[in-house]
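K.L.:
Could you have a look at this structure, given as C-alpha cells, before my questions?
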Amino acid sequence: MPRPRIVLDCDPGHDDAVAIVVAAHTTELLGITTVGGNASLEHTTYNACVLRDLLGLDAEVHAGAARPLVAAPQHAAAVHGESGLDGADLPEPSRGPDGADAVGFIVETCRRHDDVWLVPTGPLTNIALALRAAPDLADHVAGISLMGGGTFGNRTPTAEFNIWADPEAAAMVFDSGLPLVMSGLDVTHTFLATPDRIDTVTALEGRLAGVLADLFRFFSGTYVARHDRIDGAPVHDPLAVLALSRPELFERVRRHVAVETRGELTRGMTVVDQRTLVDRPAPNCDLVVAVDADAAWQVVVDAIAASP
Ligand code: BDR
Ligand code: CA
C-alpha cells in the first residue's frame with residue numbers, strides 16, 4: 001500500500017511525539033505544524049523540533065495558533081508536565097521552526113498535492129483556521145484523521161481534552177463535510193503503554209529509544225497516579241496516523257458526530273449518534289471503534305527501532 005501523504009498538526013505532548021515517530025516511519029510526512037494545547041505553543045513547537053532532530057527528518061516545522069478560537073488557552077501540565085514533554089533529557093534542537101504560519105503552510109501544501117490527509121492530534125484550531133482561510137481546501141484534501149472526542153470524557157465527564165480545548169474549532173471541522181476519521185477515547189483507552197510494552201522500547205538501542213522509554217515512563221506514571229486503576233497511559237495520538245497507514249489494524253463504523261459548544265456540563269462533548277432510527281442525520285465520520293493493540297504497538301516499536 002502506498003504511504004499516505006500527511007501533514008501532522010500536533011501539540012507534543014508525549015503521545016504526539018510517538019505520533020511523529022510513527023508518521024516518519026509509515027507515511028510520507030510533508031510537514032509538522034504545531035498548536036498550543038498540552039503546553040504553550042512555544043513548548044510544543046520546541047518539542048516538535050527536538051523530535052525532528054532525533055528522527056533525522058528534514059520535514060518542515062511550522063508554528064500555528066497559540067490559543068483557541070474563543071476559549072481561554074488551557075494546558076495539560078498534570079499529564080505532560082510544564083514543558084509538554086517532561087521526563088526525558090531532551091537534546092536542544094539544532095534549528096527552530098521553518099515558519100510561524102502553520103495555516104498558510106497547510107493550505108499551500110494541500111493545494112500543491114491534492115491527496116493530503118490532515119492529521120490533527122491536538123486542539124483543532126489550526127485546521128479550523130485553514131478551512132476558514134481557504135474554502136477551496138475541501139477540493140484538495142483527502143480528509144482529516146484526528147485524535148479527539150469519544151463517548152466519554154477525560155478533561156470533563158463528557159469532553160476529551162483536544163475537543164474541550166477548542167470546541168468552536170472542532171465544531172467547524174465536524175461540520176465541514178470533509179471525510180473524517182475519528183480516533184477517540186473509546187479506542188485509545190484500549191492502546192495502553194503497559195509496563196511490558198514499555199520494556200520492549202527500553203530494550204532497544206539508540207538515543208531515540210532511550211528518550212522514548214523515558215517519555216513513556218513519565219506519561220504512564222502520570223496516568224497511573226491520576227486514575228483509580230489503569231495499566232498505563234493510553235497512547236492516543238499515533239492511532240490517528242495508523243488509522244491511515246495501517247488501516248487493517250482497525251475497525252470503523254460510520255456515524256454522525258456533532259460537537260457541543262454550549263452546554264454547561266457538555267461543552268466540548270462529541271455527540272455520537274448511535275441511534276438506529278431511519279430518520280437520523282447522515283453519517284459524517286468514520287468512527288474508529290477497535291484496534292489490534294499488540295500489532296499497533298509492534299509498529300511503534302519498529303518505527304523507533306528503524307530510526308537513527
Ligand atoms: C489528547 O490530549 C492530549 O493530552 C494528548 O496528547 C491527546 O492528544 C487525549 O485526550
Ligand atoms: Ca496531542
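In the C-alpha cells, the first chain shown is A, the next is B, and so on; residue numbers restart at 1 for each chain, and ligands run from 1 in the order shown.
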Would you mind listing, for every residue of chain A within 7 Å of ligand 2, the two atoms forming the shortest contact and the distance between them in Å to one decimal, using only C-alpha atoms and all ligand atoms, sorted by chain and ascending residue number, as a tab-separated table?

P.N.:
residue	atom	partner	partner_atom_place_in_ligand_line	distance
A:Cys10	CA	ligand 2	1 (Ca)	5.8
A:Asp11	CA	ligand 2	1 (Ca)	5.1
A:Pro12	CA	ligand 2	1 (Ca)	6.0
A:Gly13	CA	ligand 2	1 (Ca)	5.6
A:Asp15	CA	ligand 2	1 (Ca)	6.3
A:Asp16	CA	ligand 2	1 (Ca)	4.9
A:Asn38	CA	ligand 2	1 (Ca)	6.6
A:Thr121	CA	ligand 2	1 (Ca)	4.4
A:Gly122	CA	ligand 2	1 (Ca)	4.2
A:Asp237	CA	ligand 2	1 (Ca)	5.9

K.L.:
Do you know which residues are within 10 Å of ligand 1 using only C-alpha atoms and all ligand atoms? Can you write them as a PDB file with N, CA and C atoms, in the first residue's frame?

P.N.:
ATOM      1  N   CYS A  10       0.089  19.033  15.548  1.00  0.00           N
ATOM      2  CA  CYS A  10       0.205  18.391  16.866  1.00  0.00           C
ATOM      3  C   CYS A  10       0.601  19.374  17.968  1.00  0.00           C
ATOM      4  N   ASP A  11       0.530  18.878  19.201  1.00  0.00           N
ATOM      5  CA  ASP A  11       0.880  19.696  20.376  1.00  0.00           C
ATOM      6  C   ASP A  11       1.767  18.868  21.319  1.00  0.00           C
ATOM      7  N   PRO A  12       2.946  18.447  20.839  1.00  0.00           N
ATOM      8  CA  PRO A  12       3.728  17.477  21.632  1.00  0.00           C
ATOM      9  C   PRO A  12       4.126  18.011  23.001  1.00  0.00           C
ATOM     10  N   GLY A  13       3.763  17.233  24.013  1.00  0.00           N
ATOM     11  CA  GLY A  13       2.926  16.065  24.165  1.00  0.00           C
ATOM     12  C   GLY A  13       3.620  14.721  23.887  1.00  0.00           C
ATOM     13  N   HIS A  14       3.559  13.833  24.954  1.00  0.00           N
ATOM     14  CA  HIS A  14       4.212  12.530  24.869  1.00  0.00           C
ATOM     15  C   HIS A  14       3.653  11.683  23.733  1.00  0.00           C
ATOM     16  N   ASP A  15       2.322  11.563  23.663  1.00  0.00           N
ATOM     17  CA  ASP A  15       1.759  10.703  22.617  1.00  0.00           C
ATOM     18  C   ASP A  15       1.844  11.369  21.247  1.00  0.00           C
ATOM     19  N   ASP A  16       1.855  12.699  21.211  1.00  0.00           N
ATOM     20  CA  ASP A  16       2.122  13.386  19.936  1.00  0.00           C
ATOM     21  C   ASP A  16       3.531  13.048  19.454  1.00  0.00           C
ATOM     22  N   ALA A  17       4.483  12.987  20.378  1.00  0.00           N
ATOM     23  CA  ALA A  17       5.855  12.627  19.997  1.00  0.00           C
ATOM     24  C   ALA A  17       5.863  11.241  19.355  1.00  0.00           C
ATOM     25  N   VAL A  18       5.086  10.321  19.918  1.00  0.00           N
ATOM     26  CA  VAL A  18       5.010   8.973  19.337  1.00  0.00           C
ATOM     27  C   VAL A  18       4.340   9.040  17.958  1.00  0.00           C
ATOM     28  N   ALA A  19       3.354   9.922  17.831  1.00  0.00           N
ATOM     29  CA  ALA A  19       2.704  10.088  16.520  1.00  0.00           C
ATOM     30  C   ALA A  19       3.711  10.572  15.481  1.00  0.00           C
ATOM     31  N   GLY A  37      -1.605  23.599  23.211  1.00  0.00           N
ATOM     32  CA  GLY A  37      -2.548  22.573  23.680  1.00  0.00           C
ATOM     33  C   GLY A  37      -2.018  21.965  24.961  1.00  0.00           C
ATOM     34  N   ASN A  38      -1.347  20.831  24.839  1.00  0.00           N
ATOM     35  CA  ASN A  38      -0.790  20.196  26.033  1.00  0.00           C
ATOM     36  C   ASN A  38       0.110  21.160  26.810  1.00  0.00           C
ATOM     37  N   ALA A  39       0.805  22.004  26.061  1.00  0.00           N
ATOM     38  CA  ALA A  39       1.659  23.042  26.655  1.00  0.00           C
ATOM     39  C   ALA A  39       1.540  24.276  25.766  1.00  0.00           C
ATOM     40  N   HIS A  75      -3.741  24.374  29.399  1.00  0.00           N
ATOM     41  CA  HIS A  75      -2.793  23.330  29.036  1.00  0.00           C
ATOM     42  C   HIS A  75      -2.987  22.092  29.900  1.00  0.00           C
ATOM     43  N   ALA A  76      -2.119  21.107  29.721  1.00  0.00           N
ATOM     44  CA  ALA A  76      -2.309  19.817  30.410  1.00  0.00           C
ATOM     45  C   ALA A  76      -1.031  19.420  31.148  1.00  0.00           C
ATOM     46  N   ALA A  77      -0.564  20.338  32.012  1.00  0.00           N
ATOM     47  CA  ALA A  77       0.683  20.081  32.728  1.00  0.00           C
ATOM     48  C   ALA A  77       0.579  18.858  33.640  1.00  0.00           C
ATOM     49  N   ALA A  78      -0.621  18.583  34.145  1.00  0.00           N
ATOM     50  CA  ALA A  78      -0.775  17.438  35.056  1.00  0.00           C
ATOM     51  C   ALA A  78      -0.495  16.117  34.341  1.00  0.00           C
ATOM     52  N   VAL A  79      -0.638  16.119  33.033  1.00  0.00           N
ATOM     53  CA  VAL A  79      -0.437  14.886  32.266  1.00  0.00           C
ATOM     54  C   VAL A  79       0.943  14.864  31.598  1.00  0.00           C
ATOM     55  N   HIS A  80       1.371  16.008  31.061  1.00  0.00           N
ATOM     56  CA  HIS A  80       2.587  16.044  30.236  1.00  0.00           C
ATOM     57  C   HIS A  80       3.717  16.862  30.866  1.00  0.00           C
ATOM     58  N   GLY A  84       5.476  20.048  28.372  1.00  0.00           N
ATOM     59  CA  GLY A  84       4.763  19.226  27.390  1.00  0.00           C
ATOM     60  C   GLY A  84       5.438  17.885  27.168  1.00  0.00           C
ATOM     61  N   PRO A 120      -4.661  15.914  12.712  1.00  0.00           N
ATOM     62  CA  PRO A 120      -4.551  16.706  13.935  1.00  0.00           C
ATOM     63  C   PRO A 120      -4.583  15.824  15.181  1.00  0.00           C
ATOM     64  N   THR A 121      -3.620  16.064  16.051  1.00  0.00           N
ATOM     65  CA  THR A 121      -3.569  15.312  17.313  1.00  0.00           C
ATOM     66  C   THR A 121      -3.558  16.260  18.516  1.00  0.00           C
ATOM     67  N   GLY A 122      -3.991  17.486  18.273  1.00  0.00           N
ATOM     68  CA  GLY A 122      -4.133  18.467  19.346  1.00  0.00           C
ATOM     69  C   GLY A 122      -5.455  19.197  19.144  1.00  0.00           C
ATOM     70  N   PRO A 123      -5.657  20.322  19.826  1.00  0.00           N
ATOM     71  CA  PRO A 123      -6.844  21.139  19.560  1.00  0.00           C
ATOM     72  C   PRO A 123      -6.921  21.496  18.071  1.00  0.00           C
ATOM     73  N   LEU A 146      -8.306  12.480  12.842  1.00  0.00           N
ATOM     74  CA  LEU A 146      -7.983  13.199  14.061  1.00  0.00           C
ATOM     75  C   LEU A 146      -8.051  12.308  15.294  1.00  0.00           C
ATOM     76  N   MET A 147      -7.264  12.697  16.311  1.00  0.00           N
ATOM     77  CA  MET A 147      -7.447  12.111  17.635  1.00  0.00           C
ATOM     78  C   MET A 147      -8.235  13.118  18.447  1.00  0.00           C
ATOM     79  N   GLY A 148      -9.384  12.672  18.931  1.00  0.00           N
ATOM     80  CA  GLY A 148     -10.179  13.538  19.777  1.00  0.00           C
ATOM     81  C   GLY A 148     -11.543  12.950  20.021  1.00  0.00           C
ATOM     82  N   GLY A 149     -12.171  13.432  21.068  1.00  0.00           N
ATOM     83  CA  GLY A 149     -13.546  13.054  21.363  1.00  0.00           C
ATOM     84  C   GLY A 149     -13.688  11.650  21.915  1.00  0.00           C
ATOM     85  N   GLY A 150     -14.916  11.166  21.848  1.00  0.00           N
ATOM     86  CA  GLY A 150     -15.227   9.853  22.405  1.00  0.00           C
ATOM     87  C   GLY A 150     -16.616   9.892  23.016  1.00  0.00           C
ATOM     88  N   GLY A 153     -15.493  11.395  28.518  1.00  0.00           N
ATOM     89  CA  GLY A 153     -14.508  12.459  28.522  1.00  0.00           C
ATOM     90  C   GLY A 153     -13.289  12.127  29.369  1.00  0.00           C
ATOM     91  N   ASN A 154     -12.271  12.990  29.266  1.00  0.00           N
ATOM     92  CA  ASN A 154     -11.160  12.885  30.213  1.00  0.00           C
ATOM     93  C   ASN A 154     -10.889  14.234  30.886  1.00  0.00           C
ATOM     94  N   ARG A 155     -11.194  15.331  30.201  1.00  0.00           N
ATOM     95  CA  ARG A 155     -10.995  16.630  30.827  1.00  0.00           C
ATOM     96  C   ARG A 155     -12.224  17.031  31.654  1.00  0.00           C
ATOM     97  N   ALA A 159     -16.197  15.550  28.045  1.00  0.00           N
ATOM     98  CA  ALA A 159     -15.352  16.110  26.979  1.00  0.00           C
ATOM     99  C   ALA A 159     -13.904  15.627  27.057  1.00  0.00           C
ATOM    100  N   GLU A 160     -13.406  15.275  25.897  1.00  0.00           N
ATOM    101  CA  GLU A 160     -12.000  14.877  25.740  1.00  0.00           C
ATOM    102  C   GLU A 160     -11.157  16.140  25.544  1.00  0.00           C
ATOM    103  N   PHE A 161      -9.897  16.122  25.950  1.00  0.00           N
ATOM    104  CA  PHE A 161      -9.074  17.334  26.005  1.00  0.00           C
ATOM    105  C   PHE A 161      -9.014  18.102  24.675  1.00  0.00           C
ATOM    106  N   ASN A 162      -8.706  17.446  23.560  1.00  0.00           N
ATOM    107  CA  ASN A 162      -8.481  18.179  22.302  1.00  0.00           C
ATOM    108  C   ASN A 162      -9.733  18.914  21.836  1.00  0.00           C
ATOM    109  N   ILE A 163     -10.899  18.300  22.059  1.00  0.00           N
ATOM    110  CA  ILE A 163     -12.143  18.930  21.626  1.00  0.00           C
ATOM    111  C   ILE A 163     -12.539  19.997  22.642  1.00  0.00           C
ATOM    112  N   TRP A 164     -12.377  19.669  23.913  1.00  0.00           N
ATOM    113  CA  TRP A 164     -12.695  20.599  25.003  1.00  0.00           C
ATOM    114  C   TRP A 164     -11.859  21.873  24.907  1.00  0.00           C
ATOM    115  N   ALA A 165     -10.590  21.740  24.479  1.00  0.00           N
ATOM    116  CA  ALA A 165      -9.687  22.897  24.451  1.00  0.00           C
ATOM    117  C   ALA A 165     -10.133  23.926  23.426  1.00  0.00           C
ATOM    118  N   GLY A 184     -11.157   8.324  18.935  1.00  0.00           N
ATOM    119  CA  GLY A 184     -11.480   8.938  20.212  1.00  0.00           C
ATOM    120  C   GLY A 184     -11.060   8.061  21.383  1.00  0.00           C
ATOM    121  N   LEU A 185     -11.470   8.500  22.569  1.00  0.00           N
ATOM    122  CA  LEU A 185     -11.023   7.817  23.789  1.00  0.00           C
ATOM    123  C   LEU A 185     -11.482   6.354  23.851  1.00  0.00           C
ATOM    124  N   THR A 188      -8.675   4.725  22.011  1.00  0.00           N
ATOM    125  CA  THR A 188      -7.308   4.972  22.515  1.00  0.00           C
ATOM    126  C   THR A 188      -7.104   4.387  23.912  1.00  0.00           C
ATOM    127  N   HIS A 189      -8.198   4.254  24.678  1.00  0.00           N
ATOM    128  CA  HIS A 189      -8.052   3.643  26.013  1.00  0.00           C
ATOM    129  C   HIS A 189      -7.896   2.125  25.945  1.00  0.00           C
ATOM    130  N   PHE A 219       4.845   9.450  31.149  1.00  0.00           N
ATOM    131  CA  PHE A 219       3.449   9.574  30.704  1.00  0.00           C
ATOM    132  C   PHE A 219       2.579   8.535  31.420  1.00  0.00           C
ATOM    133  N   PRO A 234      -2.886   5.668  27.974  1.00  0.00           N
ATOM    134  CA  PRO A 234      -3.386   5.447  26.619  1.00  0.00           C
ATOM    135  C   PRO A 234      -2.490   6.218  25.643  1.00  0.00           C
ATOM    136  N   VAL A 235      -2.006   5.534  24.624  1.00  0.00           N
ATOM    137  CA  VAL A 235      -1.112   6.199  23.657  1.00  0.00           C
ATOM    138  C   VAL A 235      -2.003   6.692  22.515  1.00  0.00           C
ATOM    139  N   HIS A 236      -2.716   7.794  22.802  1.00  0.00           N
ATOM    140  CA  HIS A 236      -3.795   8.240  21.929  1.00  0.00           C
ATOM    141  C   HIS A 236      -3.359   8.559  20.492  1.00  0.00           C
ATOM    142  N   ASP A 237      -2.388   9.468  20.369  1.00  0.00           N
ATOM    143  CA  ASP A 237      -2.216  10.180  19.098  1.00  0.00           C
ATOM    144  C   ASP A 237      -1.712   9.351  17.914  1.00  0.00           C
ATOM    145  N   PRO A 238      -0.821   8.385  18.105  1.00  0.00           N
ATOM    146  CA  PRO A 238      -0.381   7.632  16.921  1.00  0.00           C
ATOM    147  C   PRO A 238      -1.516   6.885  16.235  1.00  0.00           C
ATOM    148  N   ALA A 240      -4.284   8.069  15.250  1.00  0.00           N
ATOM    149  CA  ALA A 240      -4.809   8.889  14.149  1.00  0.00           C
ATOM    150  C   ALA A 240      -3.940   8.743  12.893  1.00  0.00           C
TER     151      ALA A 240
END

K.L.:
Could you give me the residues within stretch 220-260 of chain A that DSSP places in strand (DSSP E), as JSON, numbers by chain?

P.N.:
{"A": [233, 234, 250, 251, 252, 253, 254, 255, 256, 257, 258, 259]}

K.L.:
Let's have the selection written as a PDB file, in the first residue's frame, with C-alpha atoms.

P.N.:
ATOM      1  CA  ALA A 233      -1.103   5.671  29.626  1.00  0.00           C
ATOM      2  CA  PRO A 234      -3.386   5.447  26.619  1.00  0.00           C
ATOM      3  CA  PHE A 250      -8.667  -1.074  12.905  1.00  0.00           C
ATOM      4  CA  GLU A 251     -12.434  -1.455  12.918  1.00  0.00           C
ATOM      5  CA  ARG A 252     -14.503   1.563  11.970  1.00  0.00           C
ATOM      6  CA  VAL A 253     -18.188   2.392  11.829  1.00  0.00           C
ATOM      7  CA  ARG A 254     -19.956   5.248  10.048  1.00  0.00           C
ATOM      8  CA  ARG A 255     -21.605   7.677  12.458  1.00  0.00           C
ATOM      9  CA  HIS A 256     -22.839  11.229  12.665  1.00  0.00           C
ATOM     10  CA  VAL A 257     -20.768  13.172  15.188  1.00  0.00           C
ATOM     11  CA  ALA A 258     -21.516  16.720  16.329  1.00  0.00           C
ATOM     12  CA  VAL A 259     -19.637  18.902  18.799  1.00  0.00           C
TER      13      VAL A 259
END

K.L.:
So which bits of stretch 89-237 of chain A end up alpha helix (DSSP H) when you DSSP the backbone, as a ChimeraX atom specification?

P.N.:
/A:102-113,125-133,161-165,167-174,185-188,195-202,207-226

K.L.:
Would you kindly return, as a PyMOL selection string, each protein, DNA or RNA residue with an atom no farther than 6 Å from any atom of A:His62, considering only C-alpha atoms and excluding same-chain residues fewer than 2 positions away?

P.N.:
chain A and resi 33+97-100+102

K.L.:
Would you pick out the contacts of A:Ala59 at 9 Å or less, using only C-alpha atoms, so that residues sharing its chain but fewer than 2 positions from it are not included, and give the list as a PDB file with all heavy atoms, in the first residue's frame?

P.N.:
ATOM      1  N   LEU A  29       5.543  12.110   5.265  1.00  0.00           N
ATOM      2  CA  LEU A  29       5.271  13.221   6.183  1.00  0.00           C
ATOM      3  C   LEU A  29       5.710  14.528   5.526  1.00  0.00           C
ATOM      4  O   LEU A  29       6.903  14.815   5.442  1.00  0.00           O
ATOM      5  CB  LEU A  29       6.015  12.978   7.506  1.00  0.00           C
ATOM      6  CG  LEU A  29       5.856  14.023   8.601  1.00  0.00           C
ATOM      7  CD1 LEU A  29       4.401  14.242   8.991  1.00  0.00           C
ATOM      8  CD2 LEU A  29       6.677  13.612   9.844  1.00  0.00           C
ATOM      9  N   LEU A  30       4.734  15.309   5.073  1.00  0.00           N
ATOM     10  CA  LEU A  30       5.054  16.519   4.309  1.00  0.00           C
ATOM     11  C   LEU A  30       5.427  17.684   5.210  1.00  0.00           C
ATOM     12  O   LEU A  30       6.034  18.651   4.753  1.00  0.00           O
ATOM     13  CB  LEU A  30       3.870  16.914   3.423  1.00  0.00           C
ATOM     14  CG  LEU A  30       3.458  15.882   2.365  1.00  0.00           C
ATOM     15  CD1 LEU A  30       2.245  16.380   1.593  1.00  0.00           C
ATOM     16  CD2 LEU A  30       4.607  15.595   1.400  1.00  0.00           C
ATOM     17  N   GLY A  31       5.037  17.611   6.453  1.00  0.00           N
ATOM     18  CA  GLY A  31       5.386  18.691   7.363  1.00  0.00           C
ATOM     19  C   GLY A  31       4.694  18.489   8.697  1.00  0.00           C
ATOM     20  O   GLY A  31       3.761  17.690   8.825  1.00  0.00           O
ATOM     21  N   ILE A  32       5.202  19.217   9.683  1.00  0.00           N
ATOM     22  CA  ILE A  32       4.630  19.176  11.037  1.00  0.00           C
ATOM     23  C   ILE A  32       4.208  20.590  11.382  1.00  0.00           C
ATOM     24  O   ILE A  32       5.003  21.532  11.243  1.00  0.00           O
ATOM     25  CB  ILE A  32       5.688  18.676  12.052  1.00  0.00           C
ATOM     26  CG1 ILE A  32       6.170  17.262  11.695  1.00  0.00           C
ATOM     27  CG2 ILE A  32       5.123  18.719  13.471  1.00  0.00           C
ATOM     28  CD1 ILE A  32       7.376  16.795  12.509  1.00  0.00           C
ATOM     29  N   ARG A  52      12.128  16.197  15.454  1.00  0.00           N
ATOM     30  CA  ARG A  52      12.629  16.213  14.076  1.00  0.00           C
ATOM     31  C   ARG A  52      14.117  15.854  14.063  1.00  0.00           C
ATOM     32  O   ARG A  52      14.563  15.039  13.253  1.00  0.00           O
ATOM     33  CB  ARG A  52      12.411  17.595  13.455  1.00  0.00           C
ATOM     34  CG  ARG A  52      13.107  17.741  12.111  1.00  0.00           C
ATOM     35  CD  ARG A  52      12.728  19.004  11.408  1.00  0.00           C
ATOM     36  NE  ARG A  52      13.135  20.213  12.135  1.00  0.00           N
ATOM     37  CZ  ARG A  52      12.858  21.449  11.728  1.00  0.00           C
ATOM     38  NH1 ARG A  52      12.180  21.623  10.615  1.00  0.00           N
ATOM     39  NH2 ARG A  52      13.260  22.490  12.422  1.00  0.00           N
ATOM     40  N   LEU A  57      14.882  13.897  10.544  1.00  0.00           N
ATOM     41  CA  LEU A  57      13.921  14.260   9.490  1.00  0.00           C
ATOM     42  C   LEU A  57      14.301  15.583   8.853  1.00  0.00           C
ATOM     43  O   LEU A  57      14.873  16.450   9.519  1.00  0.00           O
ATOM     44  CB  LEU A  57      12.528  14.463  10.094  1.00  0.00           C
ATOM     45  CG  LEU A  57      11.726  13.264  10.546  1.00  0.00           C
ATOM     46  CD1 LEU A  57      10.410  13.759  11.149  1.00  0.00           C
ATOM     47  CD2 LEU A  57      11.456  12.364   9.351  1.00  0.00           C
ATOM     48  N   VAL A  61       8.854  22.319  10.020  1.00  0.00           N
ATOM     49  CA  VAL A  61       8.007  22.524  11.208  1.00  0.00           C
ATOM     50  C   VAL A  61       7.499  23.962  11.158  1.00  0.00           C
ATOM     51  O   VAL A  61       8.299  24.904  11.007  1.00  0.00           O
ATOM     52  CB  VAL A  61       8.806  22.297  12.514  1.00  0.00           C
ATOM     53  CG1 VAL A  61       7.973  22.683  13.731  1.00  0.00           C
ATOM     54  CG2 VAL A  61       9.273  20.846  12.624  1.00  0.00           C
TER      55      VAL A  61
END

K.L.:
Quick one: of A:Thr26, A:Thr194, A:Asp114, A:Ile6, who's nearest to A:Ala303, counting only C-alpha atoms?

P.N.:
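Using only C-alpha atoms, the shortest distance to A:Ala303 belongs to A:Thr26.
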
K.L.:
Can you list, as a PyMOL selection string, every protein, DNA or RNA residue that comes within 8 Å of stretch 201-203 of chain A when you count only C-alpha atoms, leaving out same-chain residues fewer than 2 positions away?

P.N.:
chain A and resi 197-199+205+209-210+212-213+301+304

K.L.:
Could you write those residues out with N, CA and C atoms, as a PDB file, in the first residue's frame?

P.N.:
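In the end it all went to selection_23.pdb:
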ATOM      1  N   ARG A 197       4.982  -3.427  27.671  1.00  0.00           N
ATOM      2  CA  ARG A 197       5.205  -2.770  26.363  1.00  0.00           C
ATOM      3  C   ARG A 197       6.348  -1.747  26.475  1.00  0.00           C
ATOM      4  N   ILE A 198       6.384  -1.008  27.570  1.00  0.00           N
ATOM      5  CA  ILE A 198       7.481  -0.034  27.727  1.00  0.00           C
ATOM      6  C   ILE A 198       8.827  -0.772  27.751  1.00  0.00           C
ATOM      7  N   ASP A 199       8.846  -1.950  28.357  1.00  0.00           N
ATOM      8  CA  ASP A 199      10.092  -2.744  28.379  1.00  0.00           C
ATOM      9  C   ASP A 199      10.603  -3.045  26.973  1.00  0.00           C
ATOM     10  N   GLU A 205      18.129  -0.245  21.243  1.00  0.00           N
ATOM     11  CA  GLU A 205      19.328   0.591  21.348  1.00  0.00           C
ATOM     12  C   GLU A 205      19.091   1.924  20.662  1.00  0.00           C
ATOM     13  N   ALA A 209      15.350   5.690  21.224  1.00  0.00           N
ATOM     14  CA  ALA A 209      14.704   4.674  22.069  1.00  0.00           C
ATOM     15  C   ALA A 209      14.834   5.047  23.541  1.00  0.00           C
ATOM     16  N   GLY A 210      16.012   5.541  23.926  1.00  0.00           N
ATOM     17  CA  GLY A 210      16.217   5.938  25.325  1.00  0.00           C
ATOM     18  C   GLY A 210      15.272   7.069  25.717  1.00  0.00           C
ATOM     19  N   LEU A 212      12.426   7.876  24.253  1.00  0.00           N
ATOM     20  CA  LEU A 212      11.020   7.445  24.249  1.00  0.00           C
ATOM     21  C   LEU A 212      10.696   6.559  25.445  1.00  0.00           C
ATOM     22  N   ALA A 213      11.629   5.719  25.835  1.00  0.00           N
ATOM     23  CA  ALA A 213      11.375   4.888  27.024  1.00  0.00           C
ATOM     24  C   ALA A 213      11.147   5.797  28.235  1.00  0.00           C
ATOM     25  N   VAL A 301       7.131   0.089  17.964  1.00  0.00           N
ATOM     26  CA  VAL A 301       8.482  -0.423  18.272  1.00  0.00           C
ATOM     27  C   VAL A 301       9.340  -0.447  17.009  1.00  0.00           C
ATOM     28  N   ILE A 304      10.473   3.020  16.100  1.00  0.00           N
ATOM     29  CA  ILE A 304      11.568   3.520  16.955  1.00  0.00           C
ATOM     30  C   ILE A 304      12.882   2.824  16.555  1.00  0.00           C
TER      31      ILE A 304
END

K.L.:
I'd like to know which of A:Leu204, A:Val35, A:Ala193, A:Leu129 is closest to A:Phe218, using only C-alpha atoms.

P.N.:
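Selected residue with least distance to A:Phe218: A:Ala193.
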
K.L.:
Do a neighbour search on A:Gly143 at 10 Å with only C-alpha atoms, toss out local chain neighbours closer than 6 positions, and write the hits as a PyMOL selection string.

P.N.:
chain A and resi 6+115-119+137+177-181

K.L.:
For those residues, write N, CA and C atoms to a file as a short mmCIF file (atom, residue, chain, number, x, y, z; two decimals), in the first residue's frame.

P.N.:
data_model
loop_
_atom_site.label_atom_id
_atom_site.label_comp_id
_atom_site.auth_asym_id
_atom_site.auth_seq_id
_atom_site.Cartn_x
_atom_site.Cartn_y
_atom_site.Cartn_z
N ILE A 6 0.75 13.02 4.49
CA ILE A 6 0.07 13.69 5.60
C ILE A 6 0.79 14.97 6.03
N ASP A 115 -3.86 15.27 -2.46
CA ASP A 115 -4.23 13.97 -1.85
C ASP A 115 -3.75 13.91 -0.40
N VAL A 116 -3.65 15.06 0.23
CA VAL A 116 -3.06 15.12 1.56
C VAL A 116 -4.13 14.85 2.64
N TRP A 117 -3.76 14.02 3.58
CA TRP A 117 -4.56 13.85 4.80
C TRP A 117 -4.00 14.79 5.87
N LEU A 118 -4.89 15.54 6.49
CA LEU A 118 -4.51 16.31 7.67
C LEU A 118 -4.72 15.42 8.88
N VAL A 119 -3.70 15.38 9.74
CA VAL A 119 -3.78 14.52 10.93
C VAL A 119 -3.58 15.37 12.17
N LEU A 137 -10.15 24.43 0.22
CA LEU A 137 -9.39 23.29 0.79
C LEU A 137 -10.17 21.99 0.63
N GLY A 177 -17.98 18.80 6.29
CA GLY A 177 -18.35 17.96 5.14
C GLY A 177 -17.17 17.19 4.56
N LEU A 178 -15.98 17.40 5.10
CA LEU A 178 -14.80 16.66 4.62
C LEU A 178 -14.83 15.22 5.15
N PRO A 179 -14.18 14.28 4.45
CA PRO A 179 -14.05 12.94 5.02
C PRO A 179 -13.31 13.00 6.35
N LEU A 180 -13.93 12.41 7.37
CA LEU A 180 -13.35 12.46 8.72
C LEU A 180 -13.13 11.05 9.25
N VAL A 181 -12.01 10.87 9.93
CA VAL A 181 -11.77 9.63 10.67
C VAL A 181 -11.48 10.07 12.11
#

K.L.:
Between atom CA of A:Val211 and atom CA of A:Val299, what is the distance in Å, rounded to a tenth?

P.N.:
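If I compute the distance from atom CA of A:Val211 to atom CA of A:Val299, I get 17.5 Å.
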